[in-house]
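Listing of work_1.pdb, PDB, C-alpha atoms
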ATOM      1  CA  MET U   1     -16.481 -18.597  40.611  1.00  0.00           C
ATOM      2  CA  TRP U   2     -15.384 -21.392  38.336  1.00  0.00           C
ATOM      3  CA  MET U   3     -16.788 -21.956  34.861  1.00  0.00           C
ATOM      4  CA  THR U   4     -16.505 -24.362  31.958  1.00  0.00           C
ATOM      5  CA  ILE U   5     -14.525 -23.466  28.840  1.00  0.00           C
ATOM      6  CA  ALA U   6     -17.767 -22.701  26.982  1.00  0.00           C
ATOM      7  CA  ARG U   7     -18.915 -20.232  29.662  1.00  0.00           C
ATOM      8  CA  ALA U   8     -15.432 -18.722  29.884  1.00  0.00           C
ATOM      9  CA  ALA U   9     -15.417 -18.193  26.120  1.00  0.00           C
ATOM     10  CA  ARG U  10     -18.795 -16.444  26.220  1.00  0.00           C
ATOM     11  CA  ALA U  11     -17.697 -14.267  29.133  1.00  0.00           C
ATOM     12  CA  ALA U  12     -14.478 -13.271  27.345  1.00  0.00           C
ATOM     13  CA  GLY U  13     -16.137 -12.777  23.952  1.00  0.00           C
ATOM     14  CA  VAL U  14     -13.982 -15.329  22.143  1.00  0.00           C
ATOM     15  CA  GLY U  15     -14.351 -18.835  20.761  1.00  0.00           C
ATOM     16  CA  VAL U  16     -13.504 -22.022  22.604  1.00  0.00           C
ATOM     17  CA  GLU U  17     -10.681 -22.775  20.149  1.00  0.00           C
ATOM     18  CA  THR U  18      -9.191 -19.354  20.851  1.00  0.00           C
ATOM     19  CA  ILE U  19      -8.889 -20.214  24.546  1.00  0.00           C
ATOM     20  CA  ARG U  20      -7.288 -23.545  23.715  1.00  0.00           C
ATOM     21  CA  PHE U  21      -4.842 -21.779  21.375  1.00  0.00           C
ATOM     22  CA  TYR U  22      -3.892 -19.302  24.112  1.00  0.00           C
ATOM     23  CA  GLU U  23      -3.296 -22.245  26.442  1.00  0.00           C
ATOM     24  CA  ARG U  24      -1.001 -23.963  23.933  1.00  0.00           C
ATOM     25  CA  ARG U  25       0.971 -20.704  23.518  1.00  0.00           C
ATOM     26  CA  GLY U  26       1.279 -20.392  27.292  1.00  0.00           C
ATOM     27  CA  LEU U  27      -0.560 -17.067  27.363  1.00  0.00           C
ATOM     28  CA  ILE U  28      -3.016 -18.348  29.942  1.00  0.00           C
ATOM     29  CA  ALA U  29      -2.463 -20.992  32.625  1.00  0.00           C
ATOM     30  CA  GLN U  30      -3.794 -24.493  32.245  1.00  0.00           C
ATOM     31  CA  PRO U  31      -7.178 -24.666  34.015  1.00  0.00           C
ATOM     32  CA  ARG U  32      -7.818 -26.823  37.004  1.00  0.00           C
ATOM     33  CA  LYS U  33      -9.341 -30.226  36.336  1.00  0.00           C
ATOM     34  CA  PRO U  34     -11.467 -31.467  39.231  1.00  0.00           C
ATOM     35  CA  ALA U  35     -12.838 -34.969  39.706  1.00  0.00           C
ATOM     36  CA  ASN U  36     -15.697 -34.442  37.250  1.00  0.00           C
ATOM     37  CA  GLY U  37     -13.141 -34.243  34.437  1.00  0.00           C
ATOM     38  CA  PHE U  38     -14.248 -30.867  33.056  1.00  0.00           C
ATOM     39  CA  ARG U  39     -11.665 -28.112  32.875  1.00  0.00           C
ATOM     40  CA  GLU U  40     -12.654 -25.053  34.903  1.00  0.00           C
ATOM     41  CA  TYR U  41     -11.615 -21.422  34.535  1.00  0.00           C
ATOM     42  CA  ASP U  42     -11.769 -18.604  37.036  1.00  0.00           C
ATOM     43  CA  ALA U  43     -12.520 -14.891  36.632  1.00  0.00           C
ATOM     44  CA  ASP U  44      -8.804 -14.010  36.473  1.00  0.00           C
ATOM     45  CA  SER U  45      -8.352 -16.281  33.445  1.00  0.00           C
ATOM     46  CA  VAL U  46     -11.303 -14.627  31.702  1.00  0.00           C
ATOM     47  CA  ALA U  47      -9.857 -11.159  32.434  1.00  0.00           C
ATOM     48  CA  ARG U  48      -6.484 -12.261  31.040  1.00  0.00           C
ATOM     49  CA  ILE U  49      -8.146 -13.575  27.866  1.00  0.00           C
ATOM     50  CA  ARG U  50      -9.911 -10.228  27.413  1.00  0.00           C
ATOM     51  CA  ILE U  51      -6.610  -8.375  27.763  1.00  0.00           C
ATOM     52  CA  ILE U  52      -4.950 -10.627  25.180  1.00  0.00           C
ATOM     53  CA  ARG U  53      -7.813 -10.140  22.747  1.00  0.00           C
ATOM     54  CA  GLN U  54      -7.835  -6.371  23.193  1.00  0.00           C
ATOM     55  CA  ALA U  55      -4.063  -6.169  22.720  1.00  0.00           C
ATOM     56  CA  GLN U  56      -4.373  -8.187  19.497  1.00  0.00           C
ATOM     57  CA  GLU U  57      -6.999  -5.729  18.203  1.00  0.00           C
ATOM     58  CA  LEU U  58      -4.533  -2.906  18.888  1.00  0.00           C
ATOM     59  CA  GLY U  59      -1.953  -4.634  16.708  1.00  0.00           C
ATOM     60  CA  PHE U  60       0.277  -6.317  19.281  1.00  0.00           C
ATOM     61  CA  SER U  61       1.734  -9.674  18.252  1.00  0.00           C
ATOM     62  CA  LEU U  62       1.375 -12.686  20.536  1.00  0.00           C
ATOM     63  CA  ARG U  63       5.065 -12.413  21.434  1.00  0.00           C
ATOM     64  CA  GLU U  64       4.611  -8.767  22.403  1.00  0.00           C
ATOM     65  CA  ILE U  65       1.475  -9.633  24.388  1.00  0.00           C
ATOM     66  CA  GLU U  66       3.418 -12.301  26.254  1.00  0.00           C
ATOM     67  CA  GLU U  67       5.993  -9.656  27.223  1.00  0.00           C
ATOM     68  CA  LEU U  68       3.243  -7.283  28.396  1.00  0.00           C
ATOM     69  CA  LEU U  69       1.642 -10.004  30.503  1.00  0.00           C
ATOM     70  CA  SER U  70       5.020 -10.836  32.022  1.00  0.00           C
ATOM     71  CA  LEU U  71       5.415  -7.199  33.025  1.00  0.00           C
ATOM     72  CA  ARG U  72       1.904  -7.220  34.474  1.00  0.00           C
ATOM     73  CA  ALA U  73       2.774 -10.212  36.628  1.00  0.00           C
ATOM     74  CA  ASP U  74       6.129  -8.777  37.774  1.00  0.00           C
ATOM     75  CA  PRO U  75       5.728  -6.719  40.979  1.00  0.00           C
ATOM     76  CA  ASN U  76       9.062  -5.005  40.301  1.00  0.00           C
ATOM     77  CA  ALA U  77       8.196  -3.958  36.749  1.00  0.00           C
ATOM     78  CA  ASP U  78       7.966  -0.261  35.935  1.00  0.00           C
ATOM     79  CA  CYS U  79       5.007   1.240  34.070  1.00  0.00           C
ATOM     80  CA  ALA U  80       7.555   2.996  31.835  1.00  0.00           C
ATOM     81  CA  GLU U  81       8.327  -0.363  30.216  1.00  0.00           C
ATOM     82  CA  VAL U  82       4.694  -0.838  29.246  1.00  0.00           C
ATOM     83  CA  ARG U  83       4.534   2.738  27.983  1.00  0.00           C
ATOM     84  CA  ALA U  84       7.640   2.175  25.860  1.00  0.00           C
ATOM     85  CA  GLN U  85       6.058  -0.870  24.219  1.00  0.00           C
ATOM     86  CA  ALA U  86       2.842   1.052  23.555  1.00  0.00           C
ATOM     87  CA  THR U  87       4.853   3.936  22.062  1.00  0.00           C
ATOM     88  CA  THR U  88       6.761   1.569  19.785  1.00  0.00           C
ATOM     89  CA  LYS U  89       3.511   0.013  18.605  1.00  0.00           C
ATOM     90  CA  ARG U  90       2.021   3.462  17.997  1.00  0.00           C
ATOM     91  CA  ASP U  91       5.048   4.390  15.848  1.00  0.00           C
ATOM     92  CA  GLU U  92       4.634   1.188  13.832  1.00  0.00           C
ATOM     93  CA  VAL U  93       0.969   2.012  13.263  1.00  0.00           C
ATOM     94  CA  GLU U  94       1.872   5.518  12.059  1.00  0.00           C
ATOM     95  CA  GLN U  95       4.345   4.042   9.562  1.00  0.00           C
ATOM     96  CA  LYS U  96       1.661   1.668   8.289  1.00  0.00           C
ATOM     97  CA  ILE U  97      -0.808   4.552   7.969  1.00  0.00           C
ATOM     98  CA  ALA U  98       1.718   6.592   5.973  1.00  0.00           C
ATOM     99  CA  HIS U  99       2.342   3.588   3.708  1.00  0.00           C
ATOM    100  CA  LEU U 100      -1.386   3.061   3.189  1.00  0.00           C
ATOM    101  CA  GLU U 101      -1.865   6.761   2.406  1.00  0.00           C
ATOM    102  CA  ARG U 102       0.806   6.500  -0.300  1.00  0.00           C
ATOM    103  CA  ILE U 103      -0.999   3.485  -1.722  1.00  0.00           C
ATOM    104  CA  ARG U 104      -4.315   5.360  -1.638  1.00  0.00           C
ATOM    105  CA  ALA U 105      -2.789   8.349  -3.455  1.00  0.00           C
ATOM    106  CA  ALA U 106      -1.369   6.068  -6.148  1.00  0.00           C
ATOM    107  CA  LEU U 107      -4.730   4.336  -6.560  1.00  0.00           C
ATOM    108  CA  ASP U 108      -6.496   7.709  -6.768  1.00  0.00           C
ATOM    109  CA  MET U 109      -4.206   8.666  -9.656  1.00  0.00           C
ATOM    110  CA  LEU U 110      -4.831   5.387 -11.464  1.00  0.00           C
ATOM    111  CA  ILE U 111      -8.597   5.629 -11.013  1.00  0.00           C
ATOM    112  CA  ALA U 112      -8.697   9.265 -12.117  1.00  0.00           C
ATOM    113  CA  ALA U 113      -6.739   8.424 -15.263  1.00  0.00           C
ATOM    114  CA  CYS U 114      -9.036   5.538 -16.242  1.00  0.00           C
ATOM    115  CA  PRO U 115     -11.906   6.457 -18.609  1.00  0.00           C
ATOM    116  CA  GLY U 116     -13.983   3.623 -17.184  1.00  0.00           C
ATOM    117  CA  LYS U 117     -14.732   2.100 -20.561  1.00  0.00           C
ATOM    118  CA  GLY U 118     -13.047   0.864 -23.714  1.00  0.00           C
ATOM    119  CA  ALA U 119     -10.864  -2.089 -24.622  1.00  0.00           C
ATOM    120  CA  VAL U 120      -8.869  -3.768 -21.847  1.00  0.00           C
ATOM    121  CA  THR U 121      -5.814  -3.714 -24.135  1.00  0.00           C
ATOM    122  CA  ALA U 122      -5.757   0.067 -23.702  1.00  0.00           C
ATOM    123  CA  CYS U 123      -6.490  -0.001 -19.952  1.00  0.00           C
ATOM    124  CA  SER U 124      -4.410   2.723 -18.295  1.00  0.00           C
ATOM    125  CA  ILE U 125      -4.567   0.983 -14.894  1.00  0.00           C
ATOM    126  CA  LEU U 126      -3.190  -2.322 -16.183  1.00  0.00           C
ATOM    127  CA  ASP U 127      -0.516  -0.495 -18.182  1.00  0.00           C
ATOM    128  CA  ALA U 128       0.505   1.491 -15.106  1.00  0.00           C
ATOM    129  CA  LEU U 129       0.743  -1.659 -12.965  1.00  0.00           C
ATOM    130  CA  THR U 130       2.922  -3.296 -15.627  1.00  0.00           C
ATOM    131  CA  GLN U 131       5.228  -0.268 -15.741  1.00  0.00           C
ATOM    132  CA  MET U 132       5.479  -0.194 -11.926  1.00  0.00           C
ATOM    133  CA  ALA U 133       6.386  -3.878 -11.815  1.00  0.00           C
ATOM    134  CA  ASP U 134       9.042  -3.433 -14.512  1.00  0.00           C
ATOM    135  CA  LYS U 135      10.605  -0.471 -12.713  1.00  0.00           C
ATOM    136  CA  LYS U 136      10.641  -2.334  -9.394  1.00  0.00           C
ATOM    137  CA  ALA U 137      12.349  -5.340 -11.002  1.00  0.00           C
ATOM    138  CA  THR U 138      15.087  -3.151 -12.482  1.00  0.00           C
ATOM    139  CA  LYS U 139      17.802  -2.302  -9.992  1.00  0.00           C
ATOM    140  CA  PRO U 140      18.979   1.294 -10.491  1.00  0.00           C
ATOM    141  CA  ALA U 141      22.604   1.764 -11.445  1.00  0.00           C
ATOM    142  CA  PRO U 142      24.844   3.493  -8.883  1.00  0.00           C
ATOM    143  CA  LEU U 143      25.525   7.192  -9.381  1.00  0.00           C
ATOM    144  CA  THR U 144      28.925   8.044 -10.818  1.00  0.00           C
ATOM    145  CA  ALA U 145      30.476  11.239 -12.144  1.00  0.00           C
ATOM    146  CA  SER U 146      29.959   9.924 -15.656  1.00  0.00           C
ATOM    147  CA  SER U 147      26.278   9.091 -15.074  1.00  0.00           C
ATOM    148  CA  ILE U 148      25.669  12.513 -13.516  1.00  0.00           C
ATOM    149  CA  ARG U 149      27.222  14.211 -16.569  1.00  0.00           C
ATOM    150  CA  LYS U 150      25.051  12.102 -18.839  1.00  0.00           C
ATOM    151  CA  ARG U 151      21.914  13.039 -16.914  1.00  0.00           C
ATOM    152  CA  THR U 152      22.843  16.708 -17.011  1.00  0.00           C
ATOM    153  CA  THR U 153      23.482  16.569 -20.756  1.00  0.00           C
ATOM    154  CA  ARG U 154      20.235  14.689 -21.239  1.00  0.00           C
ATOM    155  CA  ARG U 155      18.274  17.433 -19.478  1.00  0.00           C
ATOM    156  CA  ILE U 156      19.848  20.031 -21.768  1.00  0.00           C
ATOM    157  CA  LEU U 157      18.843  18.030 -24.847  1.00  0.00           C
ATOM    158  CA  MET U 158      15.207  17.552 -23.810  1.00  0.00           C
ATOM    159  CA  LYS U 159      12.661  18.112 -26.577  1.00  0.00           C
ATOM    160  CA  THR U 160       9.006  19.151 -26.665  1.00  0.00           C
ATOM    161  CA  LEU U 161       6.297  17.579 -28.782  1.00  0.00           C
ATOM    162  CA  VAL U 162       2.979  19.357 -29.306  1.00  0.00           C
ATOM    163  CA  ALA U 163       0.280  17.188 -30.863  1.00  0.00           C
ATOM    164  CA  THR U 164      -3.327  17.717 -31.884  1.00  0.00           C
ATOM    165  CA  ILE U 165      -5.548  14.928 -30.586  1.00  0.00           C
ATOM    166  CA  GLU U 166      -8.801  13.742 -32.087  1.00  0.00           C
ATOM    167  CA  GLY U 167     -11.336  11.477 -30.363  1.00  0.00           C
ATOM    168  CA  MET U 168     -11.429  12.987 -26.880  1.00  0.00           C
ATOM    169  CA  HIS U 169     -14.927  13.210 -25.397  1.00  0.00           C
ATOM    170  CA  CYS U 170     -14.327  14.503 -21.881  1.00  0.00           C
ATOM    171  CA  GLU U 171     -11.722  15.451 -19.282  1.00  0.00           C
ATOM    172  CA  GLY U 172     -11.420  11.757 -18.452  1.00  0.00           C
ATOM    173  CA  CYS U 173     -10.028  11.155 -21.939  1.00  0.00           C
ATOM    174  CA  ALA U 174      -7.415  13.835 -21.317  1.00  0.00           C
ATOM    175  CA  GLU U 175      -6.424  12.167 -18.049  1.00  0.00           C
ATOM    176  CA  THR U 176      -6.178   8.787 -19.778  1.00  0.00           C
ATOM    177  CA  ILE U 177      -3.851  10.175 -22.460  1.00  0.00           C
ATOM    178  CA  LYS U 178      -1.753  11.898 -19.807  1.00  0.00           C
ATOM    179  CA  ALA U 179      -1.399   8.606 -17.919  1.00  0.00           C
ATOM    180  CA  LEU U 180      -0.414   6.753 -21.095  1.00  0.00           C
ATOM    181  CA  LEU U 181       2.248   9.346 -21.876  1.00  0.00           C
ATOM    182  CA  LYS U 182       3.702   9.374 -18.365  1.00  0.00           C
ATOM    183  CA  MET U 183       4.247   5.632 -18.584  1.00  0.00           C
ATOM    184  CA  GLU U 184       6.526   6.120 -21.587  1.00  0.00           C
ATOM    185  CA  PRO U 185      10.261   6.106 -20.794  1.00  0.00           C
ATOM    186  CA  GLY U 186      11.907   9.502 -21.064  1.00  0.00           C
ATOM    187  CA  VAL U 187       8.741  11.573 -20.568  1.00  0.00           C
ATOM    188  CA  GLN U 188       9.421  14.316 -18.042  1.00  0.00           C
ATOM    189  CA  THR U 189       6.110  16.172 -18.221  1.00  0.00           C
ATOM    190  CA  ALA U 190       2.888  15.698 -20.158  1.00  0.00           C
ATOM    191  CA  THR U 191       0.077  18.252 -20.311  1.00  0.00           C
ATOM    192  CA  VAL U 192      -3.142  17.278 -22.085  1.00  0.00           C
ATOM    193  CA  SER U 193      -5.985  19.745 -22.715  1.00  0.00           C
ATOM    194  CA  PHE U 194      -9.462  18.484 -23.567  1.00  0.00           C
ATOM    195  CA  LYS U 195     -10.571  22.036 -24.353  1.00  0.00           C
ATOM    196  CA  GLU U 196      -7.731  22.646 -26.818  1.00  0.00           C
ATOM    197  CA  ARG U 197      -7.676  19.024 -28.054  1.00  0.00           C
ATOM    198  CA  SER U 198      -3.899  18.943 -27.714  1.00  0.00           C
ATOM    199  CA  ALA U 199      -0.994  17.534 -25.749  1.00  0.00           C
ATOM    200  CA  ARG U 200       2.388  19.045 -24.885  1.00  0.00           C
ATOM    201  CA  ILE U 201       5.071  16.498 -23.970  1.00  0.00           C
ATOM    202  CA  HIS U 202       8.537  17.320 -22.658  1.00  0.00           C
ATOM    203  CA  PHE U 203      10.736  14.255 -23.249  1.00  0.00           C
ATOM    204  CA  ASP U 204      14.247  12.868 -23.502  1.00  0.00           C
ATOM    205  CA  PRO U 205      14.951  12.038 -27.175  1.00  0.00           C
ATOM    206  CA  SER U 206      17.588   9.498 -26.161  1.00  0.00           C
ATOM    207  CA  ALA U 207      14.947   7.445 -24.331  1.00  0.00           C
ATOM    208  CA  THR U 208      11.949   7.783 -26.657  1.00  0.00           C
ATOM    209  CA  SER U 209      10.847   9.406 -29.893  1.00  0.00           C
ATOM    210  CA  GLU U 210       7.999  11.489 -31.225  1.00  0.00           C
ATOM    211  CA  GLY U 211       6.734   8.442 -33.098  1.00  0.00           C
ATOM    212  CA  SER U 212       6.637   6.387 -29.898  1.00  0.00           C
ATOM    213  CA  LEU U 213       4.737   9.131 -28.086  1.00  0.00           C
ATOM    214  CA  ILE U 214       2.212   9.417 -30.915  1.00  0.00           C
ATOM    215  CA  ALA U 215       1.820   5.613 -30.828  1.00  0.00           C
ATOM    216  CA  ALA U 216       1.267   5.709 -27.046  1.00  0.00           C
ATOM    217  CA  ILE U 217      -1.606   8.156 -27.503  1.00  0.00           C
ATOM    218  CA  GLU U 218      -3.122   6.104 -30.301  1.00  0.00           C
ATOM    219  CA  ARG U 219      -2.999   2.925 -28.183  1.00  0.00           C
ATOM    220  CA  GLY U 220      -5.756   4.537 -26.154  1.00  0.00           C
ATOM    221  CA  GLY U 221      -7.969   4.746 -29.228  1.00  0.00           C
ATOM    222  CA  TYR U 222      -7.240   8.382 -30.121  1.00  0.00           C
ATOM    223  CA  LYS U 223      -5.742  10.037 -33.194  1.00  0.00           C
ATOM    224  CA  ALA U 224      -2.657  12.199 -32.694  1.00  0.00           C
ATOM    225  CA  VAL U 225      -0.973  14.503 -35.218  1.00  0.00           C
ATOM    226  CA  ARG U 226       2.226  16.424 -34.567  1.00  0.00           C
ATOM    227  CA  GLN U 227       1.752  20.183 -34.725  1.00  0.00           C
ATOM    228  CA  THR U 228       4.239  22.045 -36.875  1.00  0.00           C
ATOM    229  CA  SER U 229       5.307  25.562 -36.086  1.00  0.00           C
TER
END

Before anything else, please render the file you have as structure tokens.
Amino acid sequence: MWMTIARAARAAGVGVETIRFYERRGLIAQPRKPANGFREYDADSVARIRIIRQAQELGFSLREIEELLSLRADPNADCAEVRAQATTKRDEVEQKIAHLERIRAALDMLIAACPGKGAVTACSILDALTQMADKKATKPAPLTASSIRKRTTRRILMKTLVATIEGMHCEGCAETIKALLKMEPGVQTATVSFKERSARIHFDPSATSEGSLIAAIERGGYKAVRQTS
């Protein structure tokens, strides 16, 4: 049974332009053109279009689909070749899923740290994105014996700041302050308690200072005072 391009498109569940695009890419054969001048497609062409469309939905590129169709048309081809391509595509999908899960986890942290109100200048999400961009743009220096010694010495010289915080209204405020502190260079750990109205920050004094940490807290609209023992 022969059909026009419009009927073939409806039967395959695609648009007319999609069929024409597949023709230009050589994924389907040029249709016959009888005396009436209208191009006509057969059932095999429609089935091939459906296969191409389904493969695209599974993530195969047009080049990969062309290879699959070549295998399908080759009587000497082994099914193992098709299975290998499907396995490779499955592995690529798993890598993408893992990448997306890392993105989701990072977004969850940013959302949890945001109080959902207040001045944009103190927005923890925008600050975090700025810090991420800065870190990505900075190429890390290669490890050397000297740099390792410096890092070891730095860990030994770490300091702890305990500060009383005024202005917190909920656990979200505590999460916001924690996010602000973790974006500061040299901060190793930061624990903020809404119940105790305090923060405990373990930091590298060669990378930041108590004053800078207090200022980071106050950028969020809170008041911080260093606790003295």

Please indicate the distance in Å from CA of Glu101 (chain U) to CA of Cys170 (chain U), rounded to one decimal place.
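These atoms are spaced 28.4 Å apart.
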
Which residues, written as a ChimeraX atom specification, have at least one atom at most 12 Å from Thr4 (chain U), with only C-alpha atoms counted and residues fewer than 4 positions away on the same chain left out?
/U:8-11,16,19,31-34,36-43,45-46

Check the smallest atom-to-atom distance from each of U:Ala207, U:Ile111, U:Asn76, U:Ser212 to Glu175 (chain U) using only C-alpha atoms, then report the winner.
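For Glu175 (chain U), the nearest of the given residues is U:Ile111.
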
Distance criterion (only C-alpha atoms): nearest to Lys223 (chain U) out of U:Gly167, U:Gly186, U:Gly211, U:Gly26:
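Using only C-alpha atoms, Lys223 (chain U) sits closest to U:Gly167.
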
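For the structure in this document, the set picked by the PyMOL selection byres ((chain U and resi 171) around 12) is Ala112, Ala113, Cys114, Pro115, Gly167, Met168, His169, Cys170, Gly172, Cys173, Ala174, Glu175, Thr176, Ile177, Lys178, Val192, Ser193, Phe194, Lys195, Glu196 and Arg197 of chain U.
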
Atom pair CA of Arg7 (chain U) + CA of Arg48 (chain U), distance 14.8 Å

Nearest to Ser61 (chain U), restricted to all atoms listed in the file and choosing among U:Leu27, U:Leu110, U:Ala84, U:Tyr222, comes out as U:Leu27

Box along x, y and z, 3 Å on every side, all listed atoms of region 58-66 of chain U inside: centre and edge lengths in Å to one decimal, as AutoDock Vina command-line options.
--center_x 0.3 --center_y -7.8 --center_z 21.5 --size_x 15.6 --size_y 15.8 --size_z 15.5

Give me, please, the distance in Å between CA of Lys89 (chain U) and CA of Arg24 (chain U), quoted to one decimal.
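Separation of CA of Lys89 (chain U) and CA of Arg24 (chain U): 25.0 Å.
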
Pick from U:Gly221, U:Met109, U:Trp2, U:Ala80 nearest to Asp44 (chain U), counting all atoms listed in the file
U:Trp2

Sphere at (0.3, 16.4, -15.7), radius 7 Å, counting all atoms listed in the file: residues as a PyMOL selection string:
chain U and resi 178+189-191

Dig up all the protein and nucleic acid residues within 10 Å of (-0.6, 9.2, -27.7) in the file frame, using all atoms listed in the file, and format them as a PyMOL selection string.
chain U and resi 163-165+176-181+184+199+201+210-225

Please determine, counting all atoms listed in the file, which residue among U:Ile52, U:Arg63, U:Glu81, U:Gln30 has the shortest atom-to-atom distance to Val14 (chain U).
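Closest residue, counting all atoms listed in the file: U:Ile52.
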
Neighbour list for Gln85 (chain U) as a ChimeraX atom specification, cut-off 10 Å, only C-alpha atoms, skip fewer than 3 positions in-chain:
/U:60,64-65,67-68,80-82,88-91

For the file shown, what are the residues hit by the PyMOL selection byres ((chain U and resi 204) around 10), laid out as a list in words?
Arg154, Arg155, Ile156, Leu157, Met158, Lys159, Thr160, Pro185, Gly186, Val187, Gln188, Ile201, His202, Phe203, Pro205, Ser206, Ala207, Thr208 and Ser209 of chain U
